[in-house]
file protein06.pdb (PDB, C-alpha atoms and all ligand atoms)
ATOM      1  CA  MET C   1       2.574  16.689   9.833
ATOM      2  CA  ILE C   2       4.602  13.481   9.994
ATOM      3  CA  ALA C   3       2.436  11.037   8.057
ATOM      4  CA  LEU C   4       2.484   7.261   7.852
ATOM      5  CA  TYR C   5       1.020   5.321   4.928
ATOM      6  CA  ALA C   6       1.032   1.610   5.678
ATOM      7  CA  GLY C   7      -0.140  -1.388   3.704
ATOM      8  CA  SER C   8       0.760  -4.743   2.258
ATOM      9  CA  PHE C   9       1.706  -3.270  -1.145
ATOM     10  CA  ASP C  10       1.695  -6.807  -2.567
ATOM     11  CA  PRO C  11       2.404  -5.371  -5.092
ATOM     12  CA  VAL C  12       2.314  -1.560  -5.150
ATOM     13  CA  THR C  13      -0.311  -0.300  -7.640
ATOM     14  CA  LEU C  14      -0.901   3.009  -9.390
ATOM     15  CA  GLY C  15      -3.644   3.590  -6.789
ATOM     16  CA  HIS C  16      -1.080   3.444  -3.974
ATOM     17  CA  ILE C  17       1.319   5.658  -5.914
ATOM     18  CA  ASP C  18      -1.413   8.243  -6.412
ATOM     19  CA  ILE C  19      -2.103   8.372  -2.648
ATOM     20  CA  ILE C  20       1.636   8.541  -1.843
ATOM     21  CA  THR C  21       2.244  11.369  -4.337
ATOM     22  CA  ARG C  22      -0.686  13.389  -2.994
ATOM     23  CA  GLY C  23       0.216  12.579   0.624
ATOM     24  CA  ALA C  24       3.820  13.675   0.102
ATOM     25  CA  HIS C  25       2.513  17.132  -0.872
ATOM     26  CA  LEU C  26       0.488  17.396   2.323
ATOM     27  CA  ALA C  27       3.003  16.087   4.841
ATOM     28  CA  THR C  28       6.281  17.512   6.071
ATOM     29  CA  ARG C  29       7.544  13.946   6.037
ATOM     30  CA  LEU C  30       5.875  10.784   4.722
ATOM     31  CA  ILE C  31       6.815   7.289   5.850
ATOM     32  CA  VAL C  32       5.627   4.441   3.624
ATOM     33  CA  ALA C  33       5.582   1.291   5.763
ATOM     34  CA  VAL C  34       5.328  -2.185   4.265
ATOM     35  CA  ALA C  35       3.642  -4.754   6.495
ATOM     36  CA  ASP C  36       5.941  -7.678   7.223
ATOM     37  CA  ASN C  37       3.325 -10.360   7.696
ATOM     38  CA  PRO C  38       4.749 -13.717   6.563
ATOM     39  CA  HIS C  39       1.691 -15.650   7.766
ATOM     40  CA  LYS C  40      -0.371 -13.807   5.108
ATOM     41  CA  MET C  41       1.715 -15.676   2.477
ATOM     42  CA  PRO C  42       2.403 -12.623   0.289
ATOM     43  CA  LEU C  43       3.278 -13.064  -3.384
ATOM     44  CA  PHE C  44       6.328 -10.797  -2.983
ATOM     45  CA  SER C  45       8.640 -10.882   0.042
ATOM     46  CA  VAL C  46       8.862  -7.736   2.128
ATOM     47  CA  GLN C  47      12.297  -6.989   0.613
ATOM     48  CA  GLU C  48      10.867  -7.364  -2.907
ATOM     49  CA  ARG C  49       7.890  -5.135  -2.071
ATOM     50  CA  ILE C  50      10.212  -2.442  -0.685
ATOM     51  CA  ALA C  51      12.472  -2.628  -3.758
ATOM     52  CA  LEU C  52       9.447  -2.308  -6.097
ATOM     53  CA  LEU C  53       8.190   0.734  -4.147
ATOM     54  CA  ARG C  54      11.663   2.320  -4.194
ATOM     55  CA  ASP C  55      11.922   1.932  -7.945
ATOM     56  CA  ALA C  56       8.383   3.113  -8.628
ATOM     57  CA  LEU C  57       8.703   6.132  -6.308
ATOM     58  CA  HIS C  58      12.023   7.275  -7.723
ATOM     59  CA  GLY C  59      12.179  11.085  -7.370
ATOM     60  CA  ILE C  60       9.433  11.339  -4.738
ATOM     61  CA  GLU C  61      10.802  12.178  -1.317
ATOM     62  CA  VAL C  62       9.492   9.537   1.079
ATOM     63  CA  GLU C  63      10.978   7.052   3.521
ATOM     64  CA  ILE C  64      10.206   3.430   2.655
ATOM     65  CA  THR C  65      10.521   0.882   5.415
ATOM     66  CA  ALA C  66       9.121  -2.377   6.801
ATOM     67  CA  PHE C  67       7.041  -2.687   9.956
ATOM     68  CA  SER C  68       5.408  -5.473  11.916
ATOM     69  CA  GLY C  69       3.029  -5.572  14.850
ATOM     70  CA  LEU C  70       0.480  -2.962  15.836
ATOM     71  CA  LEU C  71       0.354   0.001  13.460
ATOM     72  CA  ALA C  72      -0.569   2.521  16.180
ATOM     73  CA  GLU C  73       2.407   1.403  18.288
ATOM     74  CA  TYR C  74       4.736   1.751  15.305
ATOM     75  CA  ALA C  75       3.244   5.200  14.616
ATOM     76  CA  ARG C  76       3.914   6.245  18.209
ATOM     77  CA  GLN C  77       7.526   5.013  18.076
ATOM     78  CA  ARG C  78       8.079   7.062  14.910
ATOM     79  CA  ASN C  79       6.407  10.231  16.296
ATOM     80  CA  VAL C  80       3.792  10.074  13.556
ATOM     81  CA  THR C  81       1.003  12.646  13.797
ATOM     82  CA  ALA C  82      -1.256  11.341  11.014
ATOM     83  CA  ILE C  83      -2.015   7.978   9.488
ATOM     84  CA  LEU C  84      -2.788   8.355   5.794
ATOM     85  CA  ARG C  85      -5.338   6.057   4.144
ATOM     86  CA  GLY C  86      -6.904   5.869   0.694
ATOM     87  CA  LEU C  87     -10.662   5.390   0.285
ATOM     88  CA  ARG C  88     -11.884   3.626  -2.841
ATOM     89  CA  ASP C  89     -15.524   3.084  -1.965
ATOM     90  CA  GLY C  90     -18.044   2.616   0.819
ATOM     91  CA  ASP C  91     -16.530  -0.732   1.821
ATOM     92  CA  ASP C  92     -13.150   0.924   2.409
ATOM     93  CA  PHE C  93     -14.906   3.653   4.405
ATOM     94  CA  ALA C  94     -16.737   1.131   6.600
ATOM     95  CA  SER C  95     -13.555  -0.700   7.594
ATOM     96  CA  GLU C  96     -11.242   2.316   7.628
ATOM     97  CA  ARG C  97     -13.375   4.332  10.062
ATOM     98  CA  ARG C  98     -13.178   1.386  12.470
ATOM     99  CA  TYR C  99      -9.360   1.230  12.202
ATOM    100  CA  ALA C 100      -9.223   5.006  12.684
ATOM    101  CA  TRP C 101     -11.295   4.762  15.840
ATOM    102  CA  HIS C 102      -9.127   1.915  17.217
ATOM    103  CA  ASN C 103      -5.963   3.886  16.514
ATOM    104  CA  GLN C 104      -7.438   6.896  18.344
ATOM    105  CA  LEU C 105      -8.266   4.677  21.323
ATOM    106  CA  PHE C 106      -4.697   3.459  21.392
ATOM    107  CA  ASP C 107      -3.195   6.920  21.059
ATOM    108  CA  GLY C 108      -5.464   9.965  21.151
ATOM    109  CA  ASN C 109      -2.789  12.063  19.402
ATOM    110  CA  ILE C 110      -2.868  10.070  16.167
ATOM    111  CA  GLU C 111      -5.279  11.408  13.559
ATOM    112  CA  THR C 112      -6.261   9.537  10.403
ATOM    113  CA  ILE C 113      -6.365  11.408   7.104
ATOM    114  CA  PHE C 114      -8.458   9.899   4.293
ATOM    115  CA  LEU C 115      -7.776  10.748   0.682
ATOM    116  CA  PRO C 116     -10.413   9.771  -1.871
ATOM    117  CA  ALA C 117      -9.057   7.457  -4.576
ATOM    118  CA  SER C 118      -8.739   9.085  -7.977
ATOM    119  CA  PRO C 119     -11.785   7.910  -9.975
ATOM    120  CA  ALA C 120      -9.749   6.150 -12.672
ATOM    121  CA  LEU C 121      -7.938   4.119  -9.995
ATOM    122  CA  SER C 122     -10.759   3.462  -7.575
ATOM    123  CA  MET C 123     -11.292  -0.112  -8.818
ATOM    124  CA  VAL C 124      -7.621  -1.057  -8.517
ATOM    125  CA  SER C 125      -6.534  -3.411  -5.743
ATOM    126  CA  SER C 126      -3.364  -5.446  -5.252
ATOM    127  CA  ARG C 127      -5.459  -8.599  -5.094
ATOM    128  CA  MET C 128      -7.076  -7.903  -8.452
ATOM    129  CA  VAL C 129      -3.646  -7.162  -9.927
ATOM    130  CA  ARG C 130      -2.233 -10.489  -8.656
ATOM    131  CA  GLU C 131      -5.166 -12.442 -10.027
ATOM    132  CA  ALA C 132      -5.158 -10.680 -13.402
ATOM    133  CA  ALA C 133      -1.384 -11.049 -13.802
ATOM    134  CA  GLN C 134      -1.485 -14.755 -13.005
ATOM    135  CA  LEU C 135      -4.219 -15.387 -15.597
ATOM    136  CA  ILE C 136      -2.497 -13.254 -18.245
ATOM    137  CA  VAL C 137       0.929 -14.885 -17.800
ATOM    138  CA  ARG C 138      -0.431 -18.453 -17.612
ATOM    139  CA  ALA C 139      -2.506 -17.915 -20.763
ATOM    140  CA  GLY C 140       0.493 -16.378 -22.530
ATOM    141  CA  LEU C 141      -1.496 -13.188 -23.236
ATOM    142  CA  ASN C 142      -0.086  -9.720 -23.816
ATOM    143  CA  ASP C 143       0.256  -8.059 -20.422
ATOM    144  CA  SER C 144      -0.343  -4.479 -21.636
ATOM    145  CA  ALA C 145      -3.681  -4.494 -19.760
ATOM    146  CA  LEU C 146      -1.644  -4.310 -16.551
ATOM    147  CA  ASP C 147      -0.152  -0.965 -17.609
ATOM    148  CA  ALA C 148      -3.310   0.797 -16.396
ATOM    149  CA  LEU C 149      -2.992  -0.800 -12.958
ATOM    150  CA  VAL C 150       0.688  -0.919 -11.965
ATOM    151  CA  PRO C 151       3.953   0.921 -12.742
ATOM    152  CA  PRO C 152       6.186  -0.674 -15.426
ATOM    153  CA  ASN C 153       8.687  -2.199 -12.950
ATOM    154  CA  VAL C 154       5.837  -4.021 -11.164
ATOM    155  CA  CYS C 155       4.505  -5.311 -14.485
ATOM    156  CA  THR C 156       7.942  -6.835 -15.203
ATOM    157  CA  ALA C 157       8.227  -8.291 -11.693
ATOM    158  CA  LEU C 158       4.765  -9.893 -11.941
ATOM    159  CA  ARG C 159       5.623 -11.498 -15.271
ATOM    160  CA  GLU C 160       8.914 -12.877 -13.882
ATOM    161  CA  LYS C 161       7.243 -14.109 -10.699
ATOM    162  CA  PHE C 162       4.481 -16.026 -12.459
ATOM    163  CA  ILE C 163       6.817 -17.433 -15.129
ATOM    164  CA  ALA C 164       9.103 -18.683 -12.298
ATOM    165  CA  LYS C 165       6.153 -20.129 -10.389
ATOM    166  CA  GLY C 166       4.869 -21.818 -13.561
TER     167      GLY C 166
HETATM  168  P1  LIG C 201      -4.900  -3.392  -1.028
HETATM  169  O1  LIG C 201      -6.172  -3.120  -0.246
HETATM  170  O2  LIG C 201      -4.976  -2.997  -2.476
HETATM  171  O3  LIG C 201      -4.290  -4.746  -0.794
HETATM  172  P2  LIG C 201      -3.166  -2.249   0.941
HETATM  173  O4  LIG C 201      -3.536  -3.179   2.016
HETATM  174  O5  LIG C 201      -1.722  -2.201   0.599
HETATM  175  O6  LIG C 201      -3.849  -2.402  -0.468
HETATM  176  O7  LIG C 201      -3.770  -0.819   1.291
HETATM  177  C1  LIG C 201      -3.084   0.242   1.843
HETATM  178  C2  LIG C 201      -3.907   1.489   1.730
HETATM  179  O8  LIG C 201      -4.029   1.859   0.372
HETATM  180  C3  LIG C 201      -5.348   1.421   2.239
HETATM  181  O9  LIG C 201      -5.675   2.673   2.829
HETATM  182  C4  LIG C 201      -6.152   1.235   0.969
HETATM  183  O10 LIG C 201      -7.476   1.690   1.124
HETATM  184  C5  LIG C 201      -5.375   2.104   0.026
HETATM  185  N1  LIG C 201      -5.555   1.762  -1.375
HETATM  186  C6  LIG C 201      -5.394   0.558  -1.959
HETATM  187  N2  LIG C 201      -5.641   0.632  -3.283
HETATM  188  C7  LIG C 201      -5.995   1.931  -3.544
HETATM  189  C8  LIG C 201      -6.400   2.646  -4.727
HETATM  190  N3  LIG C 201      -6.530   2.034  -5.896
HETATM  191  N4  LIG C 201      -6.653   3.969  -4.611
HETATM  192  C9  LIG C 201      -6.560   4.583  -3.421
HETATM  193  N5  LIG C 201      -6.190   3.964  -2.253
HETATM  194  C10 LIG C 201      -5.919   2.658  -2.321
END

call {"tool": "encode", "arguments": {"input": "protein06.pdb", "output": "structure tokens"}}
result
Amino acid sequence: MIALYAGSFDPVTLGHIDIITRGAHLATRLIVAVADNPHKMPLFSVQERIALLRDALHGIEVEITAFSGLLAEYARQRNVTAILRGLRDGDDFASERRYAWHNQLFDGNIETIFLPASPALSMVSSRMVREAAQLIVRAGLNDSALDALVPPNVCTALREKFIAKG
């Protein structure tokens, strides 16, 4: 199985890392693809998001790369056999089954594999992390609450980003 795990990873969270670690055990090869979507106005540039993933995934054998355009087309170019997705709750399931069906329409050979989020991480989203970090840094609070959500290098990067932004 050549698996592809794609997302914004803005920034990578412990929830993503959990899915990547488990996916790497299942797949012969796992490609982690960071969406290069400048019109979404990400907090971290695609290069920063890749560097944070690289650091956080140190020791786990995966390819980390950027992609843009249609995911199913990218998957086909890379000879991917399975798209890996994490499911946190029913909302994720509702949207993810639609994406899975669209990807199958585009290329009938691409399967989607869903991994259930680990319970302790099922509330974690990049958006929540960005919002929490901004509030914590602006209020000058101790950022140890972020330790349960993101790896240490991301915690440092968030602090630096919001201090720089003011
Ligand atoms: P987010 O939705 O947090 O912005 P992405 O767009 O980067 O994250 O999502 C990429 C994939 O990771 C999706 O399949 C999403 O459901 C999954 N995912 C995101 N957060 C978690 C989590 N905490 N646990 C498991 N899977 C997750």

call {"tool": "residues_near_point", "arguments": {"input": "protein06.pdb", "point": "(3.4, -11.2, -18.7)", "cutoff": "12 Å", "atoms": "all atoms listed in the file", "output": "ChimeraX atom specification"}}
result
/C:129-130,132-147,152-164,166

call {"tool": "resolve_selection", "arguments": {"input": "protein06.pdb", "expression": "the PyMOL selection byres (((chain C and resi 65) around 7) and not hetatm)", "output": "PyMOL selection string"}}
result
chain C and resi 32-34+50+63-64+66-67

call {"tool": "write_last_selection", "arguments": {"input": "protein06.pdb", "atoms": "C-alpha atoms", "output": "mmCIF file, in the coordinates of the input"}}
result
data_model
loop_
_atom_site.group_PDB
_atom_site.id
_atom_site.type_symbol
_atom_site.label_atom_id
_atom_site.label_comp_id
_atom_site.auth_asym_id
_atom_site.auth_seq_id
_atom_site.Cartn_x
_atom_site.Cartn_y
_atom_site.Cartn_z
ATOM 1 C CA VAL C 32 5.627 4.441 3.624
ATOM 2 C CA ALA C 33 5.582 1.291 5.763
ATOM 3 C CA VAL C 34 5.328 -2.185 4.265
ATOM 4 C CA ILE C 50 10.212 -2.442 -0.685
ATOM 5 C CA GLU C 63 10.978 7.052 3.521
ATOM 6 C CA ILE C 64 10.206 3.430 2.655
ATOM 7 C CA ALA C 66 9.121 -2.377 6.801
ATOM 8 C CA PHE C 67 7.041 -2.687 9.956
#

call {"tool": "residues_near_ligand", "arguments": {"input": "protein06.pdb", "ligand": "ligand LIG 201 (chain C)", "cutoff": "10 Å", "atoms": "all atoms listed in the file", "output": "PyMOL selection string"}}
result
chain C and resi 5-20+32-35+83-89+91-93+95-96+113-130+149-150

call {"tool": "closest_residue", "arguments": {"input": "protein06.pdb", "among": "C:Asn103, C:Thr28, C:Ser45, C:Thr112", "to": "Leu70 of chain C", "atoms": "all atoms listed in the file"}}
result
C:Asn103

call {"tool": "closest_residue", "arguments": {"input": "protein06.pdb", "among": "C:Lys165, C:Lys40, C:His58, C:Arg29", "to": "Met1 of chain C", "atoms": "all atoms listed in the file"}}
result
C:Arg29

call {"tool": "closest_residue", "arguments": {"input": "protein06.pdb", "among": "C:Glu61, C:Asp55, C:Glu111, C:Glu48", "to": "His25 of chain C", "atoms": "only C-alpha atoms"}}
result
C:Glu61

call {"tool": "atom_distance", "arguments": {"input": "protein06.pdb", "atom1": "atom CA of Trp101 of chain C", "atom2": "atom CA of His39 of chain C"}}
result
25.5 Å

call {"tool": "closest_residue", "arguments": {"input": "protein06.pdb", "among": "C:Thr81, C:Leu43, C:Thr21, C:Leu30", "to": "Gly59 of chain C", "atoms": "only C-alpha atoms"}}
result
C:Thr21

call {"tool": "closest_residue", "arguments": {"input": "protein06.pdb", "among": "C:Gly23, C:Gly69, C:Pro151, C:Gly90", "to": "Asn37 of chain C", "atoms": "all atoms listed in the file"}}
result
C:Gly69

call {"tool": "axis_aligned_box", "arguments": {"input": "protein06.pdb", "around": "segment 143-162 of chain C", "padding_each_side": "4 Å", "output": "lines of an AutoDock Vina configuration file"}}
result
center_x = 2.6
center_y = -7.6
center_z = -16.2
size_x = 20.6
size_y = 24.9
size_z = 18.9

call {"tool": "atom_distance", "arguments": {"input": "protein06.pdb", "atom1": "atom CA of Ala100 of chain C", "atom2": "atom CA of Ala72 of chain C"}}
result
9.7 Å
